[in-house]
$ cat input_4.txt   # compact mmCIF, C-alpha atoms
# COMPACT_ATOMS: atom_id res chain seq x y z
CA MET U 7 0.00 0.00 0.00
CA TYR U 8 1.12 3.49 -0.80
CA GLU U 9 0.80 6.22 1.79
CA LYS U 10 -0.21 9.58 0.42
CA ASN U 11 3.09 11.09 1.54
CA ASP U 12 5.02 8.46 -0.40
CA ILE U 13 3.01 9.27 -3.51
CA ILE U 14 3.67 12.97 -3.09
CA LYS U 15 7.38 12.32 -2.70
CA SER U 16 7.61 10.06 -5.76
CA VAL U 17 5.48 12.36 -7.93
CA THR U 18 7.60 15.35 -6.97
CA THR U 19 10.77 13.50 -7.91
CA ILE U 20 9.27 12.29 -11.20
CA ILE U 21 8.14 15.77 -12.17
CA ALA U 22 11.49 17.26 -11.23
CA GLN U 23 13.24 14.71 -13.45
CA ALA U 24 10.87 15.03 -16.39
CA LEU U 25 10.85 18.83 -16.34
CA ARG U 26 14.41 19.24 -15.08
CA ALA U 27 13.02 21.39 -12.32
CA ASP U 28 14.22 21.97 -8.80
CA GLU U 29 12.36 19.62 -6.44
CA LYS U 30 12.27 22.31 -3.78
CA LYS U 31 10.21 24.56 -6.03
CA ILE U 32 7.53 21.95 -6.62
CA THR U 33 4.44 22.12 -4.43
CA LEU U 34 1.04 20.46 -4.70
CA GLN U 35 -0.35 23.72 -6.00
CA SER U 36 2.27 24.14 -8.76
CA SER U 37 0.73 24.30 -12.21
CA LEU U 38 2.65 22.01 -14.56
CA ILE U 39 2.35 24.43 -17.45
CA LYS U 40 2.36 27.86 -15.83
CA ASP U 41 4.77 27.31 -12.96
CA LEU U 42 6.91 24.47 -14.21
CA GLY U 43 6.94 25.13 -17.96
CA ALA U 44 5.66 21.74 -19.10
CA GLU U 45 4.96 21.17 -22.80
CA SER U 46 2.95 18.40 -24.40
CA ILE U 47 5.83 15.90 -24.68
CA ASP U 48 6.58 16.48 -21.01
CA PHE U 49 3.12 15.16 -20.17
CA LEU U 50 3.98 11.95 -22.02
CA ASP U 51 7.27 11.83 -20.19
CA ILE U 52 5.49 12.16 -16.83
CA VAL U 53 2.95 9.46 -17.74
CA PHE U 54 5.73 7.04 -18.80
CA ARG U 55 7.60 7.63 -15.56
CA LEU U 56 4.50 7.24 -13.41
CA GLU U 57 3.67 3.97 -15.17
CA LYS U 58 7.16 2.66 -14.57
CA THR U 59 7.47 3.80 -10.97
CA PHE U 60 4.03 2.71 -9.78
CA LYS U 61 3.81 -0.29 -12.13
CA ILE U 62 0.44 0.75 -13.49
CA LYS U 63 -1.03 1.39 -16.92
CA ILE U 64 -2.47 4.84 -17.49
CA PRO U 65 -4.92 4.70 -20.41
CA LYS U 66 -4.53 7.41 -23.07
CA GLY U 67 -6.37 10.58 -22.16
CA GLU U 68 -7.06 9.49 -18.61
CA LEU U 69 -4.60 11.72 -16.82
CA PHE U 70 -4.03 14.35 -19.49
CA PRO U 71 -6.43 15.17 -22.35
CA GLU U 72 -4.11 14.21 -25.19
CA LYS U 73 -6.50 14.45 -28.12
CA LEU U 74 -9.29 16.57 -26.76
CA LEU U 75 -7.78 19.87 -27.86
CA THR U 76 -7.81 18.94 -31.54
CA ASP U 77 -11.42 17.76 -31.47
CA ALA U 78 -13.90 20.30 -32.89
CA ARG U 79 -16.68 18.96 -30.68
CA PHE U 80 -14.77 19.93 -27.58
CA VAL U 81 -13.11 23.20 -28.54
CA LYS U 82 -14.81 26.28 -30.00
CA ASP U 83 -13.57 29.88 -30.21
CA GLY U 84 -10.68 29.21 -27.89
CA LYS U 85 -12.98 27.75 -25.23
CA ILE U 86 -13.70 24.23 -24.08
CA THR U 87 -17.34 23.44 -24.89
CA GLU U 88 -19.78 22.01 -22.38
CA ALA U 89 -19.39 18.62 -24.01
CA GLY U 90 -15.64 19.06 -23.65
CA ILE U 91 -15.89 19.81 -19.94
CA GLU U 92 -18.10 16.75 -19.45
CA GLU U 93 -15.53 14.67 -21.29
CA LEU U 94 -12.75 16.08 -19.10
CA LYS U 95 -14.74 15.46 -15.92
CA SER U 96 -15.34 11.84 -16.82
CA LYS U 97 -11.77 11.18 -17.90
CA ILE U 98 -9.98 13.17 -15.21
CA PRO U 99 -12.28 13.36 -12.19
CA SER U 100 -9.48 14.26 -9.81
CA ALA U 101 -9.03 17.75 -11.27
CA ASN U 102 -10.83 20.87 -10.13
CA TRP U 103 -13.29 21.43 -13.00
CA GLN U 104 -15.64 23.61 -11.00
CA ASP U 105 -13.33 26.62 -11.00
CA PHE U 106 -12.31 25.98 -14.59
CA SER U 107 -15.87 25.92 -15.95
CA LYS U 108 -16.42 29.51 -14.81
CA ASN U 109 -14.05 30.68 -17.54
CA PRO U 110 -13.25 27.66 -19.72
CA LEU U 111 -10.59 29.21 -21.91
CA VAL U 112 -8.16 26.70 -23.41
CA SER U 113 -5.38 28.92 -22.11
CA ASN U 114 -6.70 28.45 -18.56
CA LEU U 115 -6.48 24.70 -18.84
CA GLY U 116 -2.94 24.84 -17.55
CA GLU U 117 -4.14 25.91 -14.12
CA VAL U 118 -6.10 22.69 -13.73
CA PHE U 119 -3.08 20.46 -14.23
CA THR U 120 -1.33 20.75 -10.93
CA VAL U 121 1.03 18.46 -9.07
CA GLY U 122 -1.76 17.86 -6.55
CA MET U 123 -4.07 16.65 -9.32
CA ILE U 124 -1.59 13.94 -10.29
CA VAL U 125 -1.19 12.91 -6.67
CA ASP U 126 -4.98 12.64 -6.24
CA TYR U 127 -5.30 10.70 -9.48
CA LEU U 128 -2.66 8.20 -8.37
CA TYR U 129 -4.03 7.89 -4.88
CA GLU U 130 -7.41 6.84 -6.26
CA LYS U 131 -5.95 4.67 -8.98
CA LEU U 132 -3.66 2.81 -6.58
CA ALA U 133 -6.42 2.41 -3.99
CA VAL U 134 -8.62 0.78 -6.62
CA ALA U 135 -5.75 -1.41 -7.76
CA ASN U 136 -5.17 -2.60 -4.21
CA LYS U 137 -8.75 -3.44 -3.40
CA MET Z 13 35.20 10.01 -34.91
CA THR Z 14 36.44 6.51 -35.66
CA SER Z 15 38.10 6.06 -32.28
CA VAL Z 16 37.70 2.52 -31.01
CA ASP Z 17 35.61 3.33 -28.00
CA SER Z 18 33.74 6.47 -29.07
CA LEU Z 19 30.45 4.64 -28.56
CA LYS Z 20 31.48 2.91 -25.36
CA LYS Z 21 28.67 2.43 -22.85
CA LYS Z 22 26.12 3.07 -25.61
CA VAL Z 23 23.49 0.47 -26.30
CA ALA Z 24 22.27 0.13 -29.87
CA LEU Z 25 19.49 -1.80 -31.55
CA VAL Z 26 19.74 -2.43 -35.28
CA THR Z 27 16.85 -4.03 -37.19
CA GLY Z 28 17.65 -6.40 -40.04
CA GLY Z 29 21.24 -6.63 -38.88
CA ALA Z 30 22.32 -9.98 -40.31
CA ARG Z 31 22.89 -8.88 -43.87
CA GLY Z 32 23.78 -6.01 -46.14
CA ILE Z 33 23.77 -2.47 -44.82
CA GLY Z 34 22.41 -3.61 -41.44
CA GLU Z 35 25.29 -6.02 -40.95
CA ALA Z 36 27.82 -3.31 -41.78
CA ILE Z 37 26.17 -1.00 -39.25
CA VAL Z 38 26.22 -3.67 -36.55
CA LYS Z 39 29.93 -4.24 -37.15
CA ARG Z 40 30.72 -0.57 -37.21
CA LEU Z 41 28.85 0.33 -34.00
CA ALA Z 42 30.22 -2.73 -32.22
CA SER Z 43 33.78 -1.99 -33.24
CA GLN Z 44 33.36 1.51 -31.81
CA GLY Z 45 32.55 -0.02 -28.45
CA ALA Z 46 28.75 -0.03 -28.42
CA LYS Z 47 26.78 -2.97 -27.16
CA VAL Z 48 24.78 -3.91 -30.23
CA TYR Z 49 21.57 -5.88 -30.32
CA PHE Z 50 20.33 -6.69 -33.79
CA THR Z 51 17.24 -8.38 -35.17
CA TYR Z 52 17.03 -10.87 -38.00
CA GLN Z 53 14.19 -12.77 -39.55
CA SER Z 54 15.23 -15.34 -42.14
CA SER Z 55 19.01 -15.21 -41.83
CA ALA Z 56 19.56 -17.17 -38.61
CA GLU Z 57 22.87 -18.66 -39.77
CA LYS Z 58 24.31 -15.33 -40.86
CA ALA Z 59 23.11 -13.80 -37.60
CA GLN Z 60 24.91 -16.43 -35.53
CA ALA Z 61 28.08 -15.99 -37.57
CA LEU Z 62 28.00 -12.26 -36.95
CA VAL Z 63 27.57 -12.78 -33.21
CA ARG Z 64 30.46 -15.26 -33.22
CA SER Z 65 32.75 -12.81 -35.00
CA PHE Z 66 32.48 -10.59 -31.93
CA GLU Z 67 32.91 -13.48 -29.49
CA LYS Z 68 36.02 -11.92 -27.96
CA THR Z 69 34.28 -8.75 -26.86
CA GLY Z 70 30.83 -10.34 -26.59
CA ASN Z 71 29.08 -7.09 -27.40
CA VAL Z 72 26.91 -8.28 -30.29
CA ILE Z 73 23.64 -10.06 -29.61
CA ALA Z 74 21.10 -11.40 -32.11
CA LEU Z 75 17.34 -11.49 -31.58
CA PRO Z 76 14.82 -12.99 -33.99
CA CYS Z 77 12.03 -10.57 -34.87
CA ASP Z 78 9.30 -10.03 -37.40
CA VAL Z 79 9.31 -6.24 -37.57
CA ARG Z 80 5.83 -6.24 -39.11
CA LYS Z 81 4.30 -7.49 -35.86
CA SER Z 82 3.97 -4.89 -33.14
CA GLU Z 83 3.74 -7.45 -30.29
CA ASN Z 84 6.91 -9.10 -31.52
CA VAL Z 85 8.70 -5.76 -31.64
CA GLU Z 86 7.50 -4.82 -28.17
CA SER Z 87 8.87 -8.03 -26.68
CA VAL Z 88 12.22 -7.55 -28.42
CA VAL Z 89 12.56 -4.03 -27.03
CA ASP Z 90 11.50 -5.28 -23.60
CA GLN Z 91 14.15 -7.97 -23.78
CA VAL Z 92 16.84 -5.38 -24.47
CA LEU Z 93 15.60 -3.11 -21.69
CA GLU Z 94 15.54 -5.94 -19.18
CA ALA Z 95 19.23 -6.47 -19.82
CA GLU Z 96 20.33 -2.85 -20.29
CA PRO Z 97 19.85 0.34 -18.30
CA THR Z 98 19.47 2.44 -21.46
CA LEU Z 99 18.81 2.14 -25.17
CA ASP Z 100 20.71 4.94 -26.83
CA ILE Z 101 20.70 4.18 -30.53
CA LEU Z 102 17.98 2.73 -32.75
CA VAL Z 103 18.77 1.95 -36.37
CA ASN Z 104 15.65 1.08 -38.35
CA ASN Z 105 17.25 -0.77 -41.21
CA ALA Z 106 15.05 -3.80 -41.92
CA GLY Z 107 13.59 -3.45 -45.38
CA ILE Z 108 12.50 -5.46 -48.39
CA ILE Z 109 11.76 -4.96 -52.07
CA ARG Z 110 8.96 -6.48 -54.13
CA ASP Z 111 9.67 -4.74 -57.40
CA GLY Z 112 7.35 -4.63 -60.37
CA LEU Z 113 5.51 -2.14 -62.52
CA PHE Z 114 2.72 -0.47 -60.61
CA LEU Z 115 0.01 -2.21 -62.62
CA ALA Z 116 1.64 -5.56 -61.98
CA LEU Z 117 1.98 -5.14 -58.22
CA SER Z 118 -0.36 -7.29 -56.19
CA GLU Z 119 -2.14 -6.23 -53.04
CA GLU Z 120 0.31 -8.44 -51.18
CA ASP Z 121 3.32 -6.72 -52.79
CA TRP Z 122 2.04 -3.47 -51.31
CA GLN Z 123 1.16 -4.83 -47.91
CA GLU Z 124 4.42 -6.69 -47.41
CA VAL Z 125 6.56 -3.71 -48.36
CA MET Z 126 4.57 -1.17 -46.35
CA ALA Z 127 4.29 -3.45 -43.30
CA THR Z 128 8.02 -4.11 -43.24
CA ASN Z 129 9.56 -0.85 -44.43
CA LEU Z 130 7.16 1.57 -42.74
CA GLY Z 131 5.42 -0.61 -40.13
CA GLY Z 132 8.73 -1.81 -38.74
CA VAL Z 133 9.96 1.76 -38.28
CA ILE Z 134 6.72 2.76 -36.58
CA HIS Z 135 6.72 -0.19 -34.17
CA PHE Z 136 10.33 0.15 -33.14
CA SER Z 137 10.23 3.92 -32.86
CA LYS Z 138 7.14 3.78 -30.68
CA ASN Z 139 8.64 1.33 -28.22
CA VAL Z 140 12.10 2.82 -28.12
CA LEU Z 141 11.05 6.49 -27.94
CA ARG Z 142 9.30 5.81 -24.67
CA GLN Z 143 12.60 4.71 -23.14
CA MET Z 144 14.56 7.51 -24.82
CA ILE Z 145 12.19 10.14 -23.42
CA MET Z 146 12.59 8.76 -19.91
CA GLN Z 147 16.36 8.47 -20.14
CA GLY Z 148 16.60 11.99 -21.50
CA GLY Z 149 17.93 11.43 -25.01
CA GLY Z 150 18.74 9.12 -27.89
CA ARG Z 151 19.44 8.68 -31.56
CA ILE Z 152 17.15 7.20 -34.18
CA ILE Z 153 18.53 6.50 -37.63
CA ASN Z 154 16.21 5.29 -40.36
CA ILE Z 155 17.62 3.67 -43.45
CA SER Z 156 15.61 5.08 -46.33
CA SER Z 157 16.46 5.26 -50.03
CA ILE Z 158 16.95 7.90 -52.70
CA VAL Z 159 13.81 6.61 -54.42
CA GLY Z 160 11.84 7.90 -51.43
CA GLU Z 161 12.36 11.31 -52.90
CA LEU Z 162 12.90 10.55 -56.57
CA GLY Z 163 10.46 7.71 -57.15
CA GLY Z 164 11.56 4.83 -59.32
CA VAL Z 165 10.27 2.74 -62.18
CA GLY Z 166 9.13 -0.65 -60.89
CA GLN Z 167 9.42 0.52 -57.30
CA ALA Z 168 6.17 2.34 -56.57
CA ASN Z 169 5.59 0.36 -53.38
CA TYR Z 170 9.19 0.59 -52.18
CA ALA Z 171 9.44 4.30 -53.06
CA ALA Z 172 6.16 5.10 -51.31
CA SER Z 173 7.28 3.25 -48.20
CA LYS Z 174 10.57 5.15 -48.11
CA ALA Z 175 8.87 8.51 -48.73
CA ALA Z 176 6.71 7.70 -45.73
CA VAL Z 177 9.82 6.91 -43.70
CA ASN Z 178 11.29 10.29 -44.66
CA ALA Z 179 8.15 12.13 -43.54
CA LEU Z 180 8.02 10.09 -40.34
CA THR Z 181 11.67 10.95 -39.70
CA LYS Z 182 11.00 14.68 -39.95
CA SER Z 183 7.84 14.52 -37.85
CA LEU Z 184 9.44 12.55 -35.03
CA ALA Z 185 12.48 14.79 -35.14
CA ALA Z 186 10.31 17.83 -34.53
CA GLU Z 187 8.21 16.13 -31.85
CA TYR Z 188 11.09 14.83 -29.73
CA ALA Z 189 13.91 17.32 -30.27
CA ALA Z 190 13.13 18.92 -26.92
CA LYS Z 191 13.93 15.61 -25.24
CA ASN Z 192 17.43 15.43 -26.74
CA ILE Z 193 16.39 12.81 -29.24
CA THR Z 194 17.54 13.17 -32.82
CA VAL Z 195 15.84 11.38 -35.70
CA ASN Z 196 17.53 11.26 -39.07
CA ALA Z 197 17.37 9.16 -42.21
CA ILE Z 198 20.03 7.97 -44.59
CA ALA Z 199 19.04 7.66 -48.24
CA PRO Z 200 21.46 5.35 -50.01
CA GLY Z 201 21.67 5.07 -53.76
CA MET Z 202 22.85 1.83 -55.35
CA VAL Z 203 24.73 -0.09 -52.68
CA GLU Z 204 26.32 -3.46 -53.30
CA THR Z 205 24.18 -5.79 -51.20
CA GLU Z 206 22.15 -8.92 -51.73
CA MET Z 207 18.98 -6.85 -51.96
CA THR Z 208 20.23 -4.99 -55.01
CA SER Z 209 22.05 -7.93 -56.59
CA ALA Z 210 19.23 -8.86 -58.96
CA VAL Z 211 18.86 -5.33 -60.30
CA ARG Z 212 22.60 -4.96 -60.61
CA SER Z 213 23.01 -8.20 -62.50
CA ALA Z 214 20.08 -7.41 -64.79
CA PHE Z 215 21.03 -3.83 -65.64
CA GLY Z 216 24.68 -3.85 -64.54
CA ASP Z 217 26.64 -1.33 -66.53
CA LYS Z 218 23.58 0.72 -67.42
CA ILE Z 219 23.13 1.65 -63.78
CA LYS Z 220 26.81 2.22 -63.21
CA GLU Z 221 26.96 4.60 -66.15
CA ARG Z 222 24.36 6.78 -64.50
CA ILE Z 223 26.30 7.08 -61.26
CA PRO Z 224 28.59 10.11 -61.44
CA ALA Z 225 31.04 8.47 -59.04
CA GLY Z 226 31.25 5.55 -61.47
CA SER Z 227 30.87 2.79 -58.91
CA TYR Z 228 28.40 1.26 -56.50
CA GLY Z 229 28.35 2.25 -52.85
CA GLN Z 230 29.59 -0.12 -50.18
CA PRO Z 231 27.60 -1.03 -47.05
CA GLU Z 232 30.51 0.20 -44.92
CA GLU Z 233 30.13 3.66 -46.44
CA ILE Z 234 26.55 3.82 -45.23
CA ALA Z 235 27.59 2.43 -41.84
CA ALA Z 236 30.17 5.19 -41.38
CA VAL Z 237 27.50 7.88 -41.66
CA ALA Z 238 25.14 5.90 -39.42
CA ALA Z 239 27.88 5.75 -36.79
CA PHE Z 240 28.37 9.50 -37.00
CA LEU Z 241 24.64 10.12 -36.63
CA ALA Z 242 24.70 7.75 -33.64
CA SER Z 243 27.49 9.68 -31.95
CA GLU Z 244 27.38 12.61 -29.54
CA GLU Z 245 28.96 14.78 -32.20
CA SER Z 246 25.80 14.82 -34.29
CA ARG Z 247 23.70 16.35 -31.52
CA TYR Z 248 22.55 19.31 -33.62
CA ILE Z 249 21.53 17.35 -36.72
CA THR Z 250 17.91 16.23 -36.70
CA GLY Z 251 15.09 15.61 -39.16
CA GLN Z 252 17.50 15.28 -42.08
CA VAL Z 253 17.56 12.81 -44.92
CA ILE Z 254 21.20 12.33 -45.82
CA THR Z 255 21.80 11.08 -49.33
CA ILE Z 256 24.75 8.77 -49.95
CA ASP Z 257 24.66 7.88 -53.62
CA GLY Z 258 27.84 8.86 -55.45
CA GLY Z 259 25.85 11.64 -57.10
CA LEU Z 260 23.20 9.37 -58.66
CA SER Z 261 20.28 11.54 -57.58
CA LEU Z 262 21.84 14.64 -59.13
CA LEU Z 263 21.51 13.19 -62.61
CA SER Z 264 18.17 11.52 -61.99
CA ARG Z 265 16.75 14.96 -61.40
CA ARG Z 266 17.37 16.10 -64.97

$ encode --input "input_4.txt" --output "structure tokens"
Amino acid sequence: MYEKNDIIKSVTTIIAQALRADEKKITLQSSLIKDLGAESIDFLDIVFRLEKTFKIKIPKGELFPEKLLTDARFVKDGKITEAGIEELKSKIPSANWQDFSKNPLVSNLGEVFTVGMIVDYLYEKLAVANK
Amino acid sequence: MTSVDSLKKKVALVTGGARGIGEAIVKRLASQGAKVYFTYQSSAEKAQALVRSFEKTGNVIALPCDVRKSENVESVVDQVLEAEPTLDILVNNAGIIRDGLFLALSEEDWQEVMATNLGGVIHFSKNVLRQMIMQGGGRIINISSIVGELGGVGQANYAASKAAVNALTKSLAAEYAAKNITVNAIAPGMVETEMTSAVRSAFGDKIKERIPAGSYGQPEEIAAVAAFLASEESRYITGQVITIDGGLSLLSRR
């Protein structure tokens, strides 16, 4: 069983390695894009490392919305559509979609993807796996 | 560049390494100190002989693989990664020809060539890139052909597969440059290998006359460039298709 603190520690190390960032500057509130400068390949990098470290399989689009942003049903005029938000909620329930839906600009999406979101995602995923 | 151990501690994987250009690349990388895994399909005896020729240093290992099958490729890459901490160099070399005029090519001629020449590159790149991203860098070298750009009579399937490899090379280069991974292709002209032996014996001097350099290329000459692209020195070269053809493509463009 993983304790939450162990998950936080491992996730912080993984993110520091993938983004070549200073571990000390990474908090649960850090936005991967805004604060830590992550780009799309970095998300893949993080997913690969999480899969390896925690010995789990993260289905495509489950932790990060890989294809959603190029889908016309989900993006219109620089905003995520209602259908898009529903899709995000169902795929990535651990993120804070309530705040995001108030102003669903694509450019605000970065604020949703925080270190804490990954930790929550893993905590749930690993709890399910251990049941 | 040719120093004996310039690729020391590097781990390489070469597809279709038992014969022709692939064999020359295996030998070249291994003699520069890399640990070289190579795949073979039908040439088991040649593969074993190649492994034996490096018995002293023990740094060449053969693995059977059908590059057309993604599950097969995945297990080969897994095998390498179970034994090695990194996989630094991937050479996608495995390739076949099924020549014939376009109207004479069967569905199977197309499928076989595309599945091997393009499918193989896709499967290996997919599995190896994952590791290269995590380890923070790597080199991918795809063996293409000048007909990928020029086209060729009787080679519609082969040319189309190699054009696809060139486009894939450039796309992957752009996608993964930020992770210190370079992806380049080598486009050989007429190289003296088994694969080209039929064409050479059928059209012999006619082909040679069209090559400005006046002679066929040697597999070792392709391997030398592959080794450079595999080295640290080539860090800033990515997404390029490097032609090695004794000038053949210059005249074909008339």

$ residues_around --input "input_4.txt" --residues "region 79-89 of chain U" --least-positions-apart "6" --cutoff "12 Å" --atoms "all atoms listed in the file" --output "ChimeraX atom specification"
/U:71,73,95-96,103,106-115

$ residues_near_point --input "input_4.txt" --point "(21.2, 9.2, -30.4)" --cutoff "6 Å" --atoms "only C-alpha atoms" --output "list in words"
Asp100, Ile101, Gly150, Arg151, Ile152, Thr194 and Ala242 of chain Z

$ closest_residue --input "input_4.txt" --among "Z:Tyr248, Z:Tyr188, Z:Phe240, Z:Tyr228" --to "chain U" --atoms "all atoms listed in the file"
Z:Tyr188

$ closest_atom_pairs --input "input_4.txt" --of "chain Z" --to "chain U" --cutoff "12 Å" --atoms "all atoms listed in the file" --output "Markdown table"
| residue | atom | partner | partner_atom | distance |
| --- | --- | --- | --- | --- |
| Z:Asn139 | CA | U:Phe54 | CA | 11.4 |
| Z:Leu141 | CA | U:Asp51 | CA | 10.1 |
| Z:Arg142 | CA | U:Phe54 | CA | 7.0 |
| Z:Gln143 | CA | U:Phe54 | CA | 8.5 |
| Z:Met144 | CA | U:Asp51 | CA | 9.7 |
| Z:Ile145 | CA | U:Asp51 | CA | 6.1 |
| Z:Met146 | CA | U:Asp51 | CA | 6.1 |
| Z:Gln147 | CA | U:Ala24 | CA | 9.3 |
| Z:Gly148 | CA | U:Ala24 | CA | 8.3 |
| Z:Gly149 | CA | U:Asp51 | CA | 11.7 |
| Z:Leu184 | CA | U:Ile47 | CA | 11.5 |
| Z:Ala186 | CA | U:Ile47 | CA | 11.0 |
| Z:Glu187 | CA | U:Ile47 | CA | 7.6 |
| Z:Tyr188 | CA | U:Ile47 | CA | 7.4 |
| Z:Ala189 | CA | U:Ile47 | CA | 9.9 |
| Z:Ala190 | CA | U:Ile47 | CA | 8.2 |
| Z:Lys191 | CA | U:Ile47 | CA | 8.1 |
| Z:Asn192 | CA | U:Ile47 | CA | 11.8 |
| Z:Ile193 | CA | U:Ile47 | CA | 11.9 |

$ residues_around --input "input_4.txt" --residues "region 15-24 of chain Z" --least-positions-apart "6" --cutoff "9 Å" --atoms "only C-alpha atoms" --output "PyMOL selection string"
chain Z and resi 38+41-50+96-103+239+242-244

$ residues_around --input "input_4.txt" --residues "Met207 (chain Z)" --least-positions-apart "4" --cutoff "9 Å" --atoms "all atoms listed in the file" --output "PyMOL selection string"
chain Z and resi 32+108-109+203+211

$ residues_around --input "input_4.txt" --residues "Ile155 (chain Z)" --least-positions-apart "4" --cutoff "9 Å" --atoms "all atoms listed in the file" --output "MDAnalysis selection string"
chainID Z and resid 33:34 103:107 174 177 196:200 238

$ axis_aligned_box --input "input_4.txt" --around "region 24-28 of chain U" --padding-each-side "8 Å" --output "AutoDock Vina command-line options"
--center_x 12.6 --center_y 18.5 --center_z -12.6 --size_x 19.6 --size_y 22.9 --size_z 23.6

$ atom_distance --input "input_4.txt" --atom1 "CA of Ile223 (chain Z)" --atom2 "CA of Asp111 (chain Z)"
20.8 Å

$ atom_distance --input "input_4.txt" --atom1 "CA of Asp217 (chain Z)" --atom2 "CA of Met202 (chain Z)"
12.2 Å

$ residues_around --input "input_4.txt" --residues "region 117-134 of chain U" --least-positions-apart "3" --cutoff "8 Å" --atoms "all atoms listed in the file" --output "compact mmCIF listing (two decimals) with C-alpha atoms, in the frame of the given file"
# COMPACT_ATOMS: atom_id res chain seq x y z
CA MET U 7 0.00 0.00 0.00
CA TYR U 8 1.12 3.49 -0.80
CA LYS U 10 -0.21 9.58 0.42
CA ILE U 13 3.01 9.27 -3.51
CA ILE U 14 3.67 12.97 -3.09
CA VAL U 17 5.48 12.36 -7.93
CA THR U 18 7.60 15.35 -6.97
CA ILE U 32 7.53 21.95 -6.62
CA THR U 33 4.44 22.12 -4.43
CA LEU U 34 1.04 20.46 -4.70
CA GLN U 35 -0.35 23.72 -6.00
CA SER U 36 2.27 24.14 -8.76
CA SER U 37 0.73 24.30 -12.21
CA LEU U 38 2.65 22.01 -14.56
CA ILE U 39 2.35 24.43 -17.45
CA LYS U 40 2.36 27.86 -15.83
CA LEU U 69 -4.60 11.72 -16.82
CA ILE U 98 -9.98 13.17 -15.21
CA PRO U 99 -12.28 13.36 -12.19
CA SER U 100 -9.48 14.26 -9.81
CA ALA U 101 -9.03 17.75 -11.27
CA ASN U 102 -10.83 20.87 -10.13
CA TRP U 103 -13.29 21.43 -13.00
CA PHE U 106 -12.31 25.98 -14.59
CA ASN U 114 -6.70 28.45 -18.56
CA LYS U 137 -8.75 -3.44 -3.40

$ atom_distance --input "input_4.txt" --atom1 "CA of His135 (chain Z)" --atom2 "CA of Ala176 (chain Z)"
14.0 Å

$ closest_residue --input "input_4.txt" --among "U:Thr19, U:Lys97, U:Asp105, U:Gly116" --to "Ala44 (chain U)" --atoms "all atoms listed in the file"
U:Gly116

$ residues_near_point --input "input_4.txt" --point "(8.1, -6.4, -34.5)" --cutoff "12 Å" --atoms "only C-alpha atoms" --output "JSON, numbers by chain"
{"Z": [27, 28, 51, 52, 53, 75, 76, 77, 78, 79, 80, 81, 82, 83, 84, 85, 86, 87, 88, 89, 90, 104, 106, 127, 128, 129, 130, 131, 132, 133, 134, 135, 136, 137, 138, 139, 140]}
